[in-house]
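Student: Would you mind keeping the following structure in view while I ask a few things?
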Protein chains: 2
Amino acid sequence: MAGTLETFRRIVGKDWVFTGEQMVSYRDPYPVTNDDTRYRAHAAVAPASTEEVQEIVKAANAHGVPLWPVSRGKNFAYGGAAPVLSGSVVLDLSRMNRILEVNEKFGYALVEPGVSYFDLYNYIQSKGLKLWLDVPDPGWGSVMGNALDHGVGYTPYGDHFMMQCGMEVVLANGEVVRTGMGAMPGNNTWQLFKYGFGPYVDGIFSQSNFGVVTKMGIWLMPEPAGYKPYMITFDREEDVAEVIEILRPLRLNNVIQNAATIRSLVLDAAITATKSQYYSGTGPIPDSVARKIMADQQIGMWNFCGALYGPPPVADALWSVIRDAFAKVPGAKFYFEEDRKRRPDILIHRAETMRGVPKLTEFNFLNWAGGGGHIGFSPVSPTTGTDAMKQYRMVSDRVREYGFDYMGLLAIGFRELHHVTVIVYDKTNPDERARLDKVFNLLVQEAAAEGYGEYRTHIQYMDAIAGTYKWNDNALWKMHQAIKDALDPKGILAPGKSGIWPKHLREGRQP
Amino acid sequence: MAGTLETFRRIVGKDWVFTGEQMVSYRDPYPVTNDDTRYRAHAAVAPASTEEVQEIVKAANAHGVPLWPVSRGKNFAYGGAAPVLSGSVVLDLSRMNRILEVNEKFGYALVEPGVSYFDLYNYIQSKGLKLWLDVPDPGWGSVMGNALDHGVGYTPYGDHFMMQCGMEVVLANGEVVRTGMGAMPGNNTWQLFKYGFGPYVDGIFSQSNFGVVTKMGIWLMPEPAGYKPYMITFDREEDVAEVIEILRPLRLNNVIQNAATIRSLVLDAAITATKSQYYSGTGPIPDSVARKIMADQQIGMWNFCGALYGPPPVADALWSVIRDAFAKVPGAKFYFEEDRKRRPDILIHRAETMRGVPKLTEFNFLNWAGGGGHIGFSPVSPTTGTDAMKQYRMVSDRVREYGFDYMGLLAIGFRELHHVTVIVYDKTNPDERARLDKVFNLLVQEAAAEGYGEYRTHIQYMDAIAGTYKWNDNALWKMHQAIKDALDPKGILAPGKSGIWPKHLREGRQP
């Protein structure tokens with residue numbers, strides 16, 4: 001390894017290879033395991049260009065050293081910058097942070113991996129461009145990294161991978177490819193048309209270890225002619241079933257235009273308050289406390305945050321349909337921004353997110369109970385009231401049984417729900433970590449037994465979740481392995497990512 | 001080969017293996033070559049199930065026989081059911097025509113390859129489901145085949161591959177994989193969520209030869225609360241530049257909601273009339289004749305067909321923006337259906353297409369000049385007036401120079417134009433074929449020199465067009481080859497499709 005690091009230093013300069021104490025920032029900030037030898041990178045190397053990435057990959061191949069590429073390493077709650085395989089060298093792409101183009105006329109940006117939402121937002125503001133980002137909650141995250149992990153946001157452009165257009169990728173052999181129209185020299189549509197000619201390959205570089213993406217195009221929404229965020233609160237736990245049934249046709253018909261969310265009481269309370277303000281006991285809050293919080297914070301047991309985008313006549317027409325539909329739910333309350341006087345306030349916060357302002361406010365929930373750790377459990381389900389209720393019961397009962405508060409949200413995709421449950425835990429407490437690990441594995445297996453699969457996960461659960469996608473004797477993962485062996489025969493790129501292991505590490509690990 | 005066909009007969013039954021005279025229907029209906037030995041299949045085999053496809057593929061591997069999969073074989077103007085490599089056996093999937101599910105609640109269908117737009121439309125009508133298809137012009141084509149070839153239609157769901165969700169694929173080794181959520185046994189979201197967990201692989205089975213898709217999910221649009229098609233005509237050739245500049249922001253802002261088209265004079269005239277009604281000379285029509293047609297048919301030199309989808313208040317708001325924007329173009333004329341009295345009429349025809357009614361009416365253009373052959377040249381360009389005009393000049397000058405009428409349309413994607421030029425020719429005339437071949441090759445090279453690439457092509461030009469996507473020494477096609485070799489080492493699936501050749505046939509063919 002020493003020789004490899006010397007080679008890396010020759011490529012990137014000695015200041016950009018990290019080892020020893022410097023590796024603290026590459027550890028999982030929210031570890032679940034109590035085994036300190038797991039998920040530990042040996043070193044990190046931070047290139048400044050595609051050419052340096054090519055050289056590093058070639059050297060890693062020559063030396064048989066595994067690399068773990070990260071864009072900004074801010075994929076917190078899913079492992080941060082830490083690798084699945086201990087001993088890997090983090091390929092830290094955060095120095096490659098050039099915004100190569102922002103095109104107002106066509107609504108797109110071309111970025112390197114290290115560009116964060118904050119970076120891109122500030123750039124757009126500084127130039128006065130009439131373009132909106134779509135942001136997930138962690139504003140410090142990588143625009144590219146989030147799209148590659150199938151992340152979601154909250155505007156009409158909420159499906160980030162759908163909005164991706166054109167990539168540059170360094171393959172494990174050091175070759176660079178450009179996808180789509182980028183493969184045509186002198187083209188003028190790399191960020192305008194996704195498919196190019198022949199197979200559309202971009203998807204295989206998402207949630208995978210088949211290449212290192214070094215440039216990516218992302219479509220940006222033109223500033224709409226109007227914007228009106230709103231919140232509808234619902235008082236009863238069981239309302240979620242009816243609410244989802246009302247939502248499905250509205251979303252499918254694009255009356256609800258954005259990737260809107262239904263958020264649970266404690267999740268919303270945790271943004272603007274702490275648990276100790278309301279409850280000094282241990283374990284989940286009792287119902288009486290929940291009622292107190294609802295009254296105090298002007299929120300419901302469930303809170304639907306959406307927004308209207310477009311000129312007033314269009315927005316008004318949509319709103320009348322939405323209001324009439326939800327008025328059927330007993331106790332539903334409707335709010336616009338001007339109806340919320342308290343500060344901090346959840347709608348005022350979400351109103352910024354739903355117009356693409358990057359923030360970190362959402363992570364106030366880490367202070368809810370203290371302890372500072374959190375992890376996301378994110379199964380996908382059909383948009384039905386029955387599924388929403390079943391999901392809610394399955395997950396909330398289990399997390400409460402294991403002593404955690406239920407903090408969940410249902411993100412409304414075109415035809416499916418992402419049910420994202422955030423479990424906040426004391427990351428310094430080995431018992432709590434063990435308890436979390438136990439309940440997480442249980443959640444994965446129980447969800448799979450009902451046909452619900454996770455769309456994304458923490459490094460510790462990649463194998464377990466890949467193992468639930470096992471139709472026809474794991475046929476899909478066998479195909480992933482065949483592609484892996486073809487594109488990366490020595491298995492140097494991100495071994496274990498999404499449960500895809502290179503040949504020499506597969507034994508005993510096969511799902 | 002005789003032994004292989006015997007094996008195929010054992011698998012599918014003797015009635016479903018075709019040879020000799022039966023092969024006429026598997027020939028390219030619109031050949032360009034004068035070499036009768038090219039693009040000729042040796043035989044065809046028509047399985048009835050995924051299991052039979054698996055058996056056929058295994059046998060083809062054992063015997064080293066190349067297969068050319070087609071869904072309905074109606075990809076006319078791009079080669080029909082004919083293979084790139086003569087001697088291939090057509091894997092005719094048209095018997096696999098089950099509509100496995102149409103789900104009104106979620107708006108999707110799950111279909112086999114042999115399901116045509118007519119089939120699916122009739123099924124939906126017969127059940128009275130409130131769902132709309134998005135159809136391309138050939139209503140007899142395969143829903144799956146069109147999406148896999150990156151086909152486009154004319155409603156808000158016009159990007160067919162974007163609307164695809166979940167596949168079942170038989171790999172060259174005979175294994176079956178299901179993609180996305182389909183890889184989870186007992187899942188309930190295969191047609192609801194595209195990405196599943198891990199790499200998103202569906203795209204590599206489009207325009208490729210990496211597997212045989214045997215089932216595919218496609219999203220269907222819920223019947224909108226209102227529908228109002230319109231046509232705007234423009235009198236002058238040069239108007240196209242201004243029209244496109246007006247269109248770009250309207251499309252990007254979703255004021256124009258559908259994959260609308262700007263169609264050229266002769267293309268529209270050819271749907272409702274024949275050339276001989278207006279002109280008895282040879283070669284392209286002169287300008288005076290063009291003027292006569294315009295007056296007679298109530299059309300312009302360019303005709304923009306669009307539609308408003310949604311409840312009247314929304315449609316009215318959108319229309320006022322659209323009308324005001326185009327009123328700036330001198331001579332622009334606006335029509336709704338009720339303004340068109342003549343029959344047949346182009347708006348009345350397109351009005352059906354823009355609400356997803358499958359038809360074959362568009363192919364009236366084959367009767368324009370007689371001769372019955374046509375081919376599509378389809379470069380992608382940015383949505384700018386400059387590019388539209390440059391494209392129009394480049395292509396129309398060349399086709400006229402070579403004695404053909406210009407019949408083109410600009411399909412308005414989210415951020416790009418598909419400039420589709422239909423060249424109608426006398427397929428029985430060897431000289432005209434040779435002339436067509438010459439101008440087509442010229443168009444491909446001239447477009448590439450300006451950075452315009454085709455999104456789809458006829459079997460005869462797959463190598464030529466793949467060769468224009470050659471950035472970094474053909475890096476992308478080298479990667480395609482690596483995947484091909486991994487998934488289909490014997491190269492039995494569709495050799496030469498999209499310029500991807502198996503190892504043993506690559507020599508001398510490398511782009």
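The chains in the structure tokens are called A, B, ... from first to last as shown; in each chain the residues are counted from 1, and the ligands are counted from 1 in the order shown.
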With only C-alpha atoms considered, list every residue of chain B at most 6 Å from chain A, as a PyMOL selection string.
Tutor: chain B and resi 177+183-189+192+196-201+203-204+206-208+314+382+415-416+451+455+469-471+475-476+486+498
Student: Quick one: residues within 12 Å of Asn146 of chain A, only C-alpha atoms, excluding same-chain residues fewer than 5 positions away - as number ranges by chain?
Tutor: A: 70-76, 78, 113-117, 134-141, 151-153, 158-164, 206-207, 216, 218, 456
Student: Which of these, A:Pro31, A:Gly217, A:Pro286, A:Gly281, has the shortest distance to Val424 of chain A once you count only C-alpha atoms?
Tutor: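 Counting only C-alpha atoms, the residue closest to Val424 of chain A is A:Pro31.
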Student: Would you kindly return, as a list of chain:residue names, each protein, DNA or RNA residue with an atom no farther than 10 Å from any atom of Leu366 of chain B, considering only C-alpha atoms and excluding same-chain residues fewer than 2 positions away?
Tutor: B:Ala270, B:Ile271, B:Thr274, B:Glu362, B:Phe363, B:Asn364, B:Trp368, B:Ala369, B:Gly370, B:Gly371, B:Gly372, B:Gly373, B:His374, B:Val422, B:Ile423, B:Val424, B:Tyr425, B:Asp426
Student: Can you write out the residues you just picked, keeping all heavy atoms, as a short mmCIF file (atom, residue, chain, number, x, y, z; two decimals), in the first residue's frame?
Tutor:
```cif
data_model
loop_
_atom_site.label_atom_id
_atom_site.label_comp_id
_atom_site.auth_asym_id
_atom_site.auth_seq_id
_atom_site.Cartn_x
_atom_site.Cartn_y
_atom_site.Cartn_z
N ALA B 270 -49.35 16.07 -48.03
CA ALA B 270 -49.30 14.68 -48.48
C ALA B 270 -50.23 13.77 -47.68
O ALA B 270 -50.51 12.65 -48.08
CB ALA B 270 -47.87 14.16 -48.39
N ILE B 271 -50.71 14.24 -46.54
CA ILE B 271 -51.65 13.42 -45.75
C ILE B 271 -53.04 13.48 -46.38
O ILE B 271 -53.81 12.53 -46.34
CB ILE B 271 -51.74 13.92 -44.29
CG1 ILE B 271 -50.36 14.16 -43.68
CG2 ILE B 271 -52.59 12.99 -43.42
CD1 ILE B 271 -49.46 12.96 -43.62
N THR B 274 -52.54 14.27 -53.09
CA THR B 274 -51.40 13.66 -53.77
C THR B 274 -50.72 14.71 -54.64
O THR B 274 -51.34 15.71 -55.04
CB THR B 274 -51.81 12.47 -54.66
OG1 THR B 274 -52.69 12.96 -55.69
CG2 THR B 274 -52.51 11.39 -53.86
N GLU B 362 -51.24 8.88 -41.17
CA GLU B 362 -50.05 9.66 -41.48
C GLU B 362 -49.34 9.12 -42.72
O GLU B 362 -48.72 9.88 -43.47
CB GLU B 362 -49.12 9.65 -40.26
CG GLU B 362 -47.87 10.49 -40.39
CD GLU B 362 -48.10 12.00 -40.20
OE1 GLU B 362 -49.24 12.40 -39.91
OE2 GLU B 362 -47.13 12.76 -40.37
N PHE B 363 -49.46 7.83 -42.93
CA PHE B 363 -48.69 7.21 -44.02
C PHE B 363 -49.33 7.40 -45.39
O PHE B 363 -48.82 6.90 -46.39
CB PHE B 363 -48.38 5.76 -43.69
CG PHE B 363 -47.57 5.68 -42.44
CD1 PHE B 363 -48.16 5.43 -41.22
CD2 PHE B 363 -46.22 5.98 -42.47
CE1 PHE B 363 -47.42 5.45 -40.04
CE2 PHE B 363 -45.46 6.00 -41.30
CZ PHE B 363 -46.07 5.72 -40.09
N ASN B 364 -50.41 8.19 -45.41
CA ASN B 364 -50.91 8.70 -46.69
C ASN B 364 -49.78 9.34 -47.48
O ASN B 364 -49.84 9.40 -48.71
CB ASN B 364 -52.00 9.76 -46.45
CG ASN B 364 -53.30 9.12 -45.98
OD1 ASN B 364 -53.41 7.90 -45.91
ND2 ASN B 364 -54.28 9.96 -45.66
N TRP B 368 -48.04 10.32 -51.93
CA TRP B 368 -47.75 11.65 -52.45
C TRP B 368 -47.19 11.57 -53.88
O TRP B 368 -47.76 12.14 -54.80
CB TRP B 368 -46.79 12.36 -51.51
CG TRP B 368 -46.32 13.71 -52.00
CD1 TRP B 368 -45.05 14.06 -52.37
CD2 TRP B 368 -47.11 14.89 -52.16
NE1 TRP B 368 -45.00 15.37 -52.74
CE2 TRP B 368 -46.26 15.92 -52.63
CE3 TRP B 368 -48.47 15.19 -51.96
CZ2 TRP B 368 -46.71 17.21 -52.90
CZ3 TRP B 368 -48.91 16.48 -52.22
CH2 TRP B 368 -48.04 17.47 -52.69
N ALA B 369 -46.11 10.82 -54.00
CA ALA B 369 -45.47 10.76 -55.31
C ALA B 369 -45.49 9.35 -55.87
O ALA B 369 -44.97 9.10 -56.96
CB ALA B 369 -44.04 11.25 -55.20
N GLY B 370 -46.07 8.42 -55.12
CA GLY B 370 -46.05 7.03 -55.56
C GLY B 370 -44.69 6.42 -55.29
O GLY B 370 -43.77 7.07 -54.80
N GLY B 371 -44.58 5.13 -55.56
CA GLY B 371 -43.29 4.46 -55.39
C GLY B 371 -43.16 3.76 -54.05
O GLY B 371 -42.40 2.83 -53.88
N GLY B 372 -43.89 4.25 -53.10
CA GLY B 372 -44.13 3.50 -51.89
C GLY B 372 -43.00 3.31 -50.89
O GLY B 372 -43.21 2.69 -49.86
N GLY B 373 -41.82 3.84 -51.19
CA GLY B 373 -40.76 3.67 -50.21
C GLY B 373 -40.58 4.93 -49.38
O GLY B 373 -40.83 6.04 -49.86
N HIS B 374 -40.16 4.79 -48.12
CA HIS B 374 -39.77 5.99 -47.37
C HIS B 374 -38.75 5.61 -46.31
O HIS B 374 -38.63 4.45 -45.92
CB HIS B 374 -40.97 6.70 -46.74
CG HIS B 374 -41.60 6.02 -45.56
ND1 HIS B 374 -41.56 6.52 -44.29
CD2 HIS B 374 -42.29 4.86 -45.49
CE1 HIS B 374 -42.21 5.71 -43.47
NE2 HIS B 374 -42.66 4.69 -44.16
N VAL B 422 -38.76 12.83 -43.71
CA VAL B 422 -39.19 11.62 -44.39
C VAL B 422 -38.83 11.77 -45.86
O VAL B 422 -39.23 12.76 -46.49
CB VAL B 422 -40.72 11.44 -44.24
CG1 VAL B 422 -41.18 10.25 -45.06
CG2 VAL B 422 -41.09 11.29 -42.78
N ILE B 423 -38.06 10.86 -46.38
CA ILE B 423 -37.76 10.90 -47.81
C ILE B 423 -38.57 9.79 -48.48
O ILE B 423 -38.38 8.61 -48.18
CB ILE B 423 -36.26 10.72 -48.09
CG1 ILE B 423 -35.44 11.72 -47.25
CG2 ILE B 423 -35.97 10.91 -49.59
CD1 ILE B 423 -33.94 11.56 -47.39
N VAL B 424 -39.49 10.20 -49.32
CA VAL B 424 -40.32 9.24 -50.03
C VAL B 424 -39.69 8.96 -51.38
O VAL B 424 -39.28 9.89 -52.08
CB VAL B 424 -41.75 9.79 -50.20
CG1 VAL B 424 -42.60 8.83 -51.02
CG2 VAL B 424 -42.40 10.01 -48.83
N TYR B 425 -39.56 7.69 -51.71
CA TYR B 425 -38.85 7.35 -52.96
C TYR B 425 -39.52 6.15 -53.62
O TYR B 425 -40.32 5.43 -53.00
CB TYR B 425 -37.37 7.07 -52.67
CG TYR B 425 -37.13 5.80 -51.88
CD1 TYR B 425 -36.65 4.65 -52.50
CD2 TYR B 425 -37.43 5.75 -50.52
CE1 TYR B 425 -36.46 3.48 -51.77
CE2 TYR B 425 -37.24 4.58 -49.79
CZ TYR B 425 -36.76 3.45 -50.43
OH TYR B 425 -36.59 2.30 -49.71
N ASP B 426 -39.14 5.93 -54.85
CA ASP B 426 -39.68 4.80 -55.60
C ASP B 426 -38.82 3.58 -55.28
O ASP B 426 -37.71 3.43 -55.76
CB ASP B 426 -39.64 5.12 -57.10
CG ASP B 426 -40.24 3.98 -57.92
OD1 ASP B 426 -40.53 2.91 -57.35
OD2 ASP B 426 -40.40 4.17 -59.14
#
```
Student: Using only C-alpha atoms, which residues sit within 10 Å of Val395 of chain A once same-chain residues fewer than 3 positions away are excluded, as a VMD selection string?
Tutor: chain A and resid 377 389 to 392 398 to 401 406 408 419 421 439 to 440 442 to 444 446 to 447
Student: Pick out each residue of segment 200-331 of chain A that DSSP on the backbone tags as strand (DSSP E or B); I need them as a PyMOL selection string.
Tutor: chain A and resi 212-219+221-222+227-234+261-264+302-309
Student: At a cut-off of 8 Å, using only C-alpha atoms, what residues contact Asn34 of chain A? Leave out same-chain residues fewer than 3 positions from it and give the result as number ranges by chain.
Tutor: A: 31, 430, 433-434
